[in-house]
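Asker: Below you'll find my_file_19.cif; it's mmCIF, C-alpha atoms (C1' of nucleotides).
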data_data
loop_
_atom_site.label_atom_id
_atom_site.label_comp_id
_atom_site.auth_asym_id
_atom_site.auth_seq_id
_atom_site.Cartn_x
_atom_site.Cartn_y
_atom_site.Cartn_z
CA MET F 1 -5.97 -11.89 44.44
CA PRO F 2 -3.68 -9.60 42.45
CA ARG F 3 -0.13 -9.92 43.70
CA SER F 4 2.29 -7.07 43.29
CA ARG F 5 4.35 -7.47 40.14
CA PRO F 6 7.17 -5.09 39.27
CA ARG F 7 4.98 -3.28 36.80
CA ASN F 8 6.96 -1.58 34.11
CA LYS F 9 5.39 1.77 33.37
CA LEU F 10 1.77 1.11 32.52
CA ARG F 11 0.08 3.95 30.71
CA SER F 12 -2.61 3.95 33.37
CA GLY F 13 -4.12 1.81 36.09
CA CYS F 14 -7.55 1.80 34.48
CA PRO F 15 -8.60 -1.84 34.57
CA LEU F 16 -9.52 -1.80 30.91
CA ASN F 17 -6.17 -0.32 29.99
CA VAL F 18 -4.36 -2.95 32.03
CA SER F 19 -6.01 -5.77 30.09
CA VAL F 20 -5.43 -3.95 26.81
CA GLU F 21 -1.75 -3.63 27.60
CA ILE F 22 -1.50 -7.34 28.38
CA LEU F 23 -3.74 -8.71 25.63
CA GLY F 24 -4.16 -5.95 23.09
CA ASP F 25 -2.17 -7.19 20.13
CA ARG F 26 -2.83 -9.26 17.07
CA TRP F 27 -1.83 -12.65 18.45
CA SER F 28 -2.14 -13.15 22.22
CA LEU F 29 -5.85 -13.92 22.27
CA LEU F 30 -5.51 -16.30 19.34
CA ILE F 31 -2.89 -18.33 21.21
CA ILE F 32 -5.20 -18.42 24.20
CA ARG F 33 -8.07 -19.48 21.94
CA ASP F 34 -5.97 -22.34 20.57
CA MET F 35 -5.23 -23.53 24.09
CA MET F 36 -8.69 -23.00 25.49
CA LEU F 37 -10.89 -24.20 22.66
CA ARG F 38 -8.66 -26.45 20.63
CA GLY F 39 -6.50 -27.94 23.35
CA PHE F 40 -3.21 -26.93 21.74
CA ARG F 41 -0.21 -27.38 23.99
CA SER F 42 2.94 -27.19 21.91
CA TYR F 43 4.93 -24.64 19.95
CA THR F 44 4.47 -26.44 16.65
CA GLN F 45 0.73 -26.68 17.14
CA PHE F 46 0.55 -22.89 17.58
CA LEU F 47 2.77 -22.39 14.54
CA ASP F 48 0.53 -24.61 12.44
CA SER F 49 -2.64 -22.77 13.46
CA TYR F 50 -4.59 -21.31 10.60
CA GLU F 51 -3.57 -17.67 11.00
CA ARG F 52 0.15 -18.47 10.63
CA ILE F 53 1.96 -16.62 13.37
CA ALA F 54 5.66 -16.02 12.76
CA THR F 55 7.97 -18.10 14.89
CA ASN F 56 9.75 -15.19 16.58
CA ILE F 57 6.46 -13.50 17.41
CA LEU F 58 5.14 -16.73 18.87
CA ALA F 59 8.22 -17.05 21.06
CA HIS F 60 7.78 -13.49 22.29
CA ARG F 61 4.08 -13.91 22.97
CA LEU F 62 4.57 -17.15 24.87
CA LYS F 63 7.16 -15.42 27.05
CA LYS F 64 4.85 -12.48 27.65
CA LEU F 65 1.88 -14.70 28.50
CA GLU F 66 4.04 -16.71 30.87
CA HIS F 67 5.39 -13.52 32.42
CA TYR F 68 1.84 -12.44 33.19
CA GLY F 69 0.94 -15.85 34.58
CA ILE F 70 -1.61 -16.58 31.87
CA ILE F 71 0.14 -19.71 30.70
CA ALA F 72 2.60 -22.09 32.32
CA THR F 73 5.35 -24.12 30.75
CA GLN F 74 6.47 -27.64 31.66
CA GLU F 75 8.86 -30.09 30.11
CA ASP F 76 7.38 -33.10 28.46
CA PRO F 77 8.48 -36.13 30.55
CA LEU F 78 8.11 -38.34 27.48
CA ASP F 79 10.11 -36.20 25.04
CA GLY F 80 13.04 -34.03 26.05
CA ARG F 81 12.60 -31.72 23.06
CA LYS F 82 9.06 -30.78 23.83
CA LEU F 83 7.60 -28.19 26.13
CA ILE F 84 3.99 -28.32 27.21
CA TYR F 85 2.18 -25.02 27.44
CA THR F 86 -0.96 -24.89 29.52
CA LEU F 87 -3.43 -22.25 30.59
CA THR F 88 -3.32 -21.22 34.20
CA GLU F 89 -6.46 -20.40 36.16
CA LYS F 90 -5.80 -16.79 35.29
CA GLY F 91 -5.66 -17.71 31.63
CA MET F 92 -8.79 -19.79 31.91
CA ASP F 93 -10.55 -16.80 33.42
CA LEU F 94 -10.29 -15.14 30.02
CA ALA F 95 -13.01 -17.46 28.74
CA PRO F 96 -15.79 -14.87 29.29
CA VAL F 97 -13.76 -12.25 27.42
CA LEU F 98 -13.24 -14.52 24.43
CA THR F 99 -16.86 -15.58 24.53
CA GLU F 100 -18.17 -12.02 24.43
CA MET F 101 -15.82 -11.15 21.59
CA VAL F 102 -17.07 -14.13 19.62
CA LEU F 103 -20.68 -13.12 20.25
CA TRP F 104 -19.98 -9.58 19.14
CA THR F 105 -18.46 -10.77 15.88
CA ALA F 106 -21.35 -13.15 15.35
CA ALA F 107 -23.81 -10.28 15.72
CA HIS F 108 -22.01 -7.77 13.54
CA GLU F 109 -19.46 -9.26 11.17
CA GLU F 110 -19.14 -12.02 8.66
CA HIS F 111 -17.51 -15.03 10.16
CA GLN F 112 -17.20 -18.80 10.10
CA ASN F 113 -17.87 -21.46 12.70
CA PRO F 114 -21.64 -21.04 13.17
CA GLU F 115 -21.63 -24.20 15.28
CA LEU F 116 -19.55 -22.49 17.97
CA ILE F 117 -21.89 -19.50 17.94
CA ARG F 118 -24.94 -21.74 18.18
CA GLN F 119 -23.45 -23.53 21.15
CA ILE F 120 -22.63 -20.31 22.99
CA LYS F 121 -25.99 -18.73 22.25
CA LYS F 122 -27.91 -21.78 23.35
CA ASP F 123 -26.58 -21.53 26.88
CA LYS F 124 -23.65 -19.27 27.62
CA GLN F 125 -23.12 -20.42 31.18
CA LYS F 126 -23.21 -24.03 30.16
CA PHE F 127 -20.70 -23.34 27.42
CA LEU F 128 -18.34 -21.63 29.85
CA ALA F 129 -18.77 -24.45 32.33
CA SER F 130 -17.98 -27.08 29.72
CA VAL F 131 -14.86 -25.26 28.56
CA ARG F 132 -13.66 -25.05 32.14
CA GLN F 133 -14.56 -28.66 32.74
CA ARG F 134 -12.43 -29.83 29.83
CA TRP F 135 -9.59 -27.68 31.12
CA LEU F 136 -9.85 -29.28 34.55
CA GLY F 137 -9.09 -32.57 32.86
CA ASN F 138 -5.77 -31.18 31.64
CA PRO F 139 -4.84 -28.69 34.33
CA SER F 140 -1.67 -26.70 34.37
CA PRO F 141 0.86 -27.44 37.09
CA VAL F 142 0.47 -25.38 40.23
CA ASN F 143 3.46 -23.08 40.12
CA MET E 1 -27.31 -8.88 10.74
CA PRO E 2 -23.78 -8.84 9.29
CA ARG E 3 -23.79 -7.15 5.92
CA SER E 4 -21.20 -8.01 3.34
CA ARG E 5 -18.29 -5.63 3.51
CA PRO E 6 -15.47 -5.70 0.99
CA ARG E 7 -13.23 -7.47 3.49
CA ASN E 8 -9.59 -6.93 2.82
CA LYS E 9 -7.76 -10.20 3.39
CA LEU E 10 -8.59 -11.33 6.89
CA ARG E 11 -6.21 -13.90 8.31
CA SER E 12 -9.16 -16.14 9.04
CA GLY E 13 -12.93 -16.10 9.46
CA CYS E 14 -12.74 -17.38 13.03
CA PRO E 15 -15.06 -15.08 14.94
CA LEU E 16 -12.44 -14.45 17.60
CA ASN E 17 -9.88 -13.57 14.97
CA VAL E 18 -12.29 -11.17 13.29
CA SER E 19 -12.77 -9.21 16.50
CA VAL E 20 -9.04 -9.30 17.20
CA GLU E 21 -8.31 -7.88 13.77
CA ILE E 22 -10.79 -5.06 14.34
CA LEU E 23 -10.07 -4.29 17.99
CA GLY E 24 -6.74 -5.90 18.79
CA ASP E 25 -4.42 -2.94 19.17
CA ARG E 26 -3.30 -0.68 21.96
CA TRP E 27 -5.85 2.09 21.50
CA SER E 28 -9.18 1.14 19.93
CA LEU E 29 -10.81 -0.21 23.07
CA LEU E 30 -9.64 2.77 25.09
CA ILE E 31 -11.34 5.16 22.69
CA ILE E 32 -14.49 3.08 22.95
CA ARG E 33 -14.19 3.12 26.74
CA ASP E 34 -13.94 6.91 26.72
CA MET E 35 -17.10 7.14 24.66
CA MET E 36 -19.03 4.45 26.48
CA LEU E 37 -18.12 5.13 30.09
CA ARG E 38 -17.00 8.72 30.13
CA GLY E 39 -19.25 10.19 27.45
CA PHE E 40 -16.39 11.63 25.41
CA ARG E 41 -17.44 12.86 21.99
CA SER E 42 -14.70 15.04 20.55
CA TYR E 43 -11.18 14.69 19.21
CA THR E 44 -9.65 16.87 21.90
CA GLN E 45 -11.37 14.93 24.65
CA PHE E 46 -9.78 11.73 23.35
CA LEU E 47 -6.42 13.45 23.05
CA ASP E 48 -6.65 14.68 26.62
CA SER E 49 -7.49 11.24 28.00
CA TYR E 50 -5.09 9.93 30.58
CA GLU E 51 -3.16 7.48 28.40
CA ARG E 52 -2.10 10.19 25.94
CA ILE E 53 -2.71 8.82 22.49
CA ALA E 54 -0.71 10.48 19.72
CA THR E 55 -2.74 12.69 17.43
CA ASN E 56 -1.99 10.80 14.20
CA ILE E 57 -2.81 7.46 15.82
CA LEU E 58 -6.09 8.87 17.11
CA ALA E 59 -7.01 10.09 13.63
CA HIS E 60 -6.26 6.65 12.19
CA ARG E 61 -8.20 4.81 14.87
CA LEU E 62 -11.24 7.02 14.49
CA LYS E 63 -11.23 6.35 10.76
CA LYS E 64 -10.90 2.63 11.34
CA LEU E 65 -13.67 2.54 13.93
CA GLU E 66 -15.91 4.52 11.62
CA HIS E 67 -15.04 2.23 8.72
CA TYR E 68 -16.21 -0.74 10.77
CA GLY E 69 -19.37 1.03 11.82
CA ILE E 70 -18.43 1.11 15.48
CA ILE E 71 -18.60 4.89 15.73
CA ALA E 72 -20.35 7.56 13.68
CA THR E 73 -19.31 11.14 13.01
CA GLN E 74 -21.51 14.20 12.77
CA GLU E 75 -20.82 17.88 12.49
CA ASP E 76 -21.58 20.00 15.52
CA PRO E 77 -24.44 22.32 14.55
CA LEU E 78 -23.27 24.83 17.15
CA ASP E 79 -19.58 24.94 16.18
CA GLY E 80 -18.31 24.44 12.66
CA ARG E 81 -14.89 23.35 13.84
CA LYS E 82 -16.15 20.48 15.91
CA LEU E 83 -17.07 16.96 14.99
CA ILE E 84 -19.15 14.81 17.29
CA TYR E 85 -18.17 11.19 17.54
CA THR E 86 -20.74 8.76 18.87
CA LEU E 87 -20.98 5.04 19.40
CA THR E 88 -23.26 3.15 17.07
CA GLU E 89 -25.38 0.24 18.24
CA LYS E 90 -22.57 -2.01 17.04
CA GLY E 91 -20.13 -0.06 19.17
CA MET E 92 -22.44 -0.15 22.13
CA ASP E 93 -22.62 -3.91 21.79
CA LEU E 94 -19.00 -4.01 22.86
CA ALA E 95 -20.07 -3.22 26.41
CA PRO E 96 -20.02 -6.89 27.49
CA VAL E 97 -16.52 -7.32 26.06
CA LEU E 98 -15.20 -4.31 27.94
CA THR E 99 -16.99 -5.40 31.07
CA GLU E 100 -15.46 -8.87 31.05
CA MET E 101 -12.02 -7.44 30.42
CA VAL E 102 -12.43 -5.13 33.39
CA LEU E 103 -13.57 -8.01 35.58
CA TRP E 104 -10.59 -10.10 34.51
CA THR E 105 -8.17 -7.33 35.40
CA ALA E 106 -9.94 -6.80 38.71
CA ALA E 107 -9.50 -10.48 39.55
CA HIS E 108 -5.87 -10.84 38.51
CA GLU E 109 -3.98 -7.57 38.22
CA GLU E 110 -3.35 -4.42 40.15
CA HIS E 111 -5.60 -1.65 39.01
CA GLN E 112 -7.41 1.50 40.00
CA ASN E 113 -11.08 2.45 39.97
CA PRO E 114 -12.43 0.00 42.56
CA GLU E 115 -15.75 1.83 42.42
CA LEU E 116 -16.31 0.72 38.83
CA ILE E 117 -15.47 -2.87 39.76
CA ARG E 118 -17.81 -2.77 42.72
CA GLN E 119 -20.61 -1.49 40.56
CA ILE E 120 -20.11 -4.20 37.93
CA LYS E 121 -19.78 -6.98 40.49
CA LYS E 122 -22.85 -5.91 42.36
CA ASP E 123 -25.10 -6.53 39.37
CA LYS E 124 -23.54 -7.01 35.97
CA GLN E 125 -26.78 -6.95 34.02
CA LYS E 126 -27.90 -3.82 35.76
CA PHE E 127 -24.58 -2.19 35.02
CA LEU E 128 -24.84 -3.07 31.33
CA ALA E 129 -28.41 -1.83 31.24
CA SER E 130 -27.47 1.47 32.82
CA VAL E 131 -24.61 2.04 30.41
CA ARG E 132 -26.94 1.39 27.50
CA GLN E 133 -29.60 3.60 29.04
CA ARG E 134 -27.23 6.54 29.26
CA TRP E 135 -26.22 5.93 25.66
CA LEU E 136 -29.86 5.97 24.56
CA GLY E 137 -30.01 9.49 25.91
CA ASN E 138 -27.26 10.54 23.47
CA PRO E 139 -27.79 8.23 20.56
CA SER E 140 -25.76 8.27 17.40
CA PRO E 141 -27.50 9.32 14.20
CA VAL E 142 -29.03 6.49 12.24
CA ASN E 143 -26.76 6.21 9.24
"C1'" DT D 1 -12.96 43.74 12.60
"C1'" DC D 2 -9.19 41.51 13.49
"C1'" DA D 3 -5.61 39.16 16.52
"C1'" DG D 4 -5.43 35.23 18.99
"C1'" DA D 5 -7.23 30.94 20.35
"C1'" DT D 6 -9.40 26.48 19.36
"C1'" DT D 7 -10.48 22.31 16.70
"C1'" DA D 8 -9.44 18.54 13.94
"C1'" DC D 9 -6.48 17.20 11.81
"C1'" DT D 10 -1.67 16.34 8.42
"C1'" DT D 11 3.15 15.92 7.66
"C1'" DG D 12 7.65 14.76 8.52
"C1'" DT D 13 10.99 12.00 11.18
"C1'" DT D 14 12.52 8.62 14.40
"C1'" DA D 15 11.74 4.53 17.27
"C1'" DA D 16 9.64 0.25 17.98
"C1'" DT D 17 7.26 -3.72 16.48
"C1'" DT D 18 6.07 -7.18 13.16
"C1'" DG D 19 6.95 -10.35 9.64
"C1'" DC D 20 9.93 -13.30 6.73
"C1'" DA D 21 13.62 -16.45 5.82
"C1'" DA D 22 17.13 -18.92 7.31
"C1'" DG D 23 19.79 -21.13 10.80
"C1'" DT D 24 20.92 -23.59 15.43
"C1'" DG D 25 21.44 -27.09 19.05
"C1'" DA D 26 19.43 -30.69 21.60
"C1'" DA D 27 16.79 -34.79 21.43
"C1'" DA D 28 14.36 -38.45 19.04
"C1'" DA D 29 13.43 -41.50 15.23
"C1'" DT D 30 14.97 -44.50 11.51
"C1'" DA N 1 24.89 -42.78 11.97
"C1'" DT N 2 22.00 -39.98 9.59
"C1'" DT N 3 17.88 -37.68 9.26
"C1'" DT N 4 14.02 -35.54 11.31
"C1'" DT N 5 11.63 -33.03 14.83
"C1'" DC N 6 11.26 -29.49 18.22
"C1'" DA N 7 11.72 -25.09 20.21
"C1'" DC N 8 13.59 -21.77 19.43
"C1'" DT N 9 17.30 -17.49 17.63
"C1'" DT N 10 19.24 -14.30 14.36
"C1'" DG N 11 19.36 -10.96 10.73
"C1'" DC N 12 16.98 -8.05 7.85
"C1'" DA N 13 13.02 -5.68 5.57
"C1'" DA N 14 8.56 -3.79 6.05
"C1'" DT N 15 5.03 -1.97 8.67
"C1'" DT N 16 3.27 0.56 12.54
"C1'" DA N 17 3.59 3.67 16.49
"C1'" DA N 18 5.26 7.66 18.69
"C1'" DC N 19 6.95 12.44 18.79
"C1'" DA N 20 7.12 17.13 17.20
"C1'" DA N 21 5.70 20.53 14.43
"C1'" DG N 22 2.61 22.67 11.29
"C1'" DT N 23 -2.00 23.89 8.87
"C1'" DA N 24 -6.71 25.31 7.44
"C1'" DA N 25 -11.08 26.38 9.02
"C1'" DT N 26 -13.68 28.32 12.50
"C1'" DC N 27 -14.73 30.81 16.60
"C1'" DT N 28 -13.99 34.30 20.46
"C1'" DG N 29 -13.05 38.55 22.69
"C1'" DA N 30 -11.50 43.51 22.36
#
Mind converting the file's structure to structure tokens?
Answerer:
Amino acid sequence: MPRSRPRNKLRSGCPLNVSVEILGDRWSLLIIRDMMLRGFRSYTQFLDSYERIATNILAHRLKKLEHYGIIATQEDPLDGRKLIYTLTEKGMDLAPVLTEMVLWTAAHEEHQNPELIRQIKKDKQKFLASVRQRWLGNPSPVN
Amino acid sequence: MPRSRPRNKLRSGCPLNVSVEILGDRWSLLIIRDMMLRGFRSYTQFLDSYERIATNILAHRLKKLEHYGIIATQEDPLDGRKLIYTLTEKGMDLAPVLTEMVLWTAAHEEHQNPELIRQIKKDKQKFLASVRQRWLGNPSPVN
DNA sequence: TCAGATTACTTGTTAATTGCAAGTGAAAAT
DNA sequence: ATTTTCACTTGCAATTAACAAGTAATCTGA
């Protein structure tokens, strides 16, 4: 499926490196988490998330994620000020990555949200299916 | 299993955030890849890896990964100059994370190493088992 | 044995990125 | 009409990354 994008000087074409270059920073995956697991869709929601991203960083990350086709942006038909950010299929396909990261933390680090862990551990495939199912209810525009 | 570590001001205890704070940078996962998939064990091997990490960054990352118990360091009994870096069990448990990241890239971005992708896609569990099996042959010291 | 090479770094210095605080313009609410 | 909300931008300081060079300990080959 990968379409040719004018790729600006990647360090290497190793598939792990490619994902690290796209997602390997302190905020991108948290924004995706907020969209995927908490249903966040607006700039202010991301700003108000617990970890407190700075507004300029958020703007940059949203642009980067959109550039890579991980999220899509639409205007809110009900409010001309608002933009609605949604995960694309490509963004939704990061669910297994997030899930494995959560499981790793659960196994090896102190953390919160034991309920999430319990749910994933009980049946990983079912968890992934339910996340995707919820997303299908609020799909991103085909663009 | 998570033991209490004097945790210096995490942004949040969300399990995804915890893993992002430990691994979310441009180099950590590449070092782990080199150890896990290519069997690298020394400083110079990491330096010579394709993406060309800077020497001071590598030193910092190795310290960080050791601090978090993801890698362990031993002296080389055959060469007093050398240190041997190995993945711990905790580090090895990142295999599913790396694997899902690779699969995501394979599905959505241009990349190289189709042979790796083919191998993972053919039988993911078998791939993970074989990676772990190779690691068991060169285990890290229990520390 | 001793010069040269190797290994795992450290130490500057510069460039890039992140974070903070404040501000802006368009649209909506009161 | 004024205030508030929303999605940002701008300017600046602090942190981090990258580049280049150097160092101490150890090993290797003549």
Asker: For the structure shown, which residues end up in the PyMOL selection byres ((chain E) within 9 of (chain F))? Put them as an MDAnalysis selection string, please?
Answerer: chainID E and resid 1:5 11:21 23:27 29:30 33 50:52 90 93:94 96:113 117
Asker: With all atoms listed in the file as the atoms that count, which of F:Gln119, F:Thr44, F:Gln133, F:Gln125 lies nearest to chain N?
Answerer: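 Smallest separation from chain N among the options: F:Thr44.
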Asker: Report, in Å to a single decimal, how far apart atom CA of E:Lys124 and atom CA of F:Trp135 are.
Answerer: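 Those two atoms sit 25.4 Å apart.
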Asker: At what distance in Å, to one decimal, does atom C1' of N:DC8 lie from atom C1' of D:DC20?
Answerer: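 Straight-line distance from atom C1' of D:DC20 to atom C1' of N:DC8 works out to 15.7 Å.
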Asker: Report as a JSON list (two decimals) with C-alpha atoms (C1' of nucleotides), in the frame of the given file the full result of the PyMOL selection byres ((chain N and resi 4) around 12) when it is applied to this structure.
Answerer:
[["chain", "number", "residue", "atom", "x", "y", "z"],
["D", 27, "DA", "C1'", 16.79, -34.79, 21.43],
["D", 28, "DA", "C1'", 14.36, -38.45, 19.04],
["D", 29, "DA", "C1'", 13.43, -41.50, 15.23],
["D", 30, "DT", "C1'", 14.97, -44.50, 11.51],
["N", 2, "DT", "C1'", 22.00, -39.98, 9.59],
["N", 3, "DT", "C1'", 17.88, -37.68, 9.26],
["N", 5, "DT", "C1'", 11.63, -33.03, 14.83],
["N", 6, "DC", "C1'", 11.26, -29.49, 18.22]]
Asker: Would you write out, as a ChimeraX atom specification, every residue that the PyMOL selection byres ((chain E) within 10 of (chain D)) captures in this file?
Answerer: /E:42-44,55-56,58-59,79-83
Asker: Take every atom of stretch 14-29 of chain D listed in the file, fit an axis-aligned box around them, add 3 Å per side, and give the centre and edge lengths in Å to one decimal as AutoDock Vina command-line options.
Answerer:
--center_x 13.8 --center_y -16.4 --center_z 13.7 --size_x 21.4 --size_y 56.1 --size_z 21.8
Asker: Mind pulling up the distance from atom CA of E:Leu87 to atom CA of E:Met36?
Answerer: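 Taking atom CA of E:Met36 as the start and atom CA of E:Leu87 as the end point, the length is 7.4 Å.
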Asker: Pick out the closest residue to chain N from this set: E:Leu37, E:Leu47, E:Leu136, E:Ile57. Count all atoms listed in the file.
Answerer: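 Going through E:Leu37, E:Leu47, E:Leu136, E:Ile57 one by one, the smallest distance to chain N is for E:Ile57.
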Asker: Counting all atoms listed in the file, figure out which residue out of N:DT15, N:DT28, N:DT23, N:DT10 gets nearest to chain F.
Answerer: N:DT10
Asker: Could you check the closest approach to chain N for each of F:Pro77, F:Ala72, F:Asp34, F:Ile84 and tell me which residue wins, using only C-alpha atoms (C1' of nucleotides)?
Answerer: F:Ile84
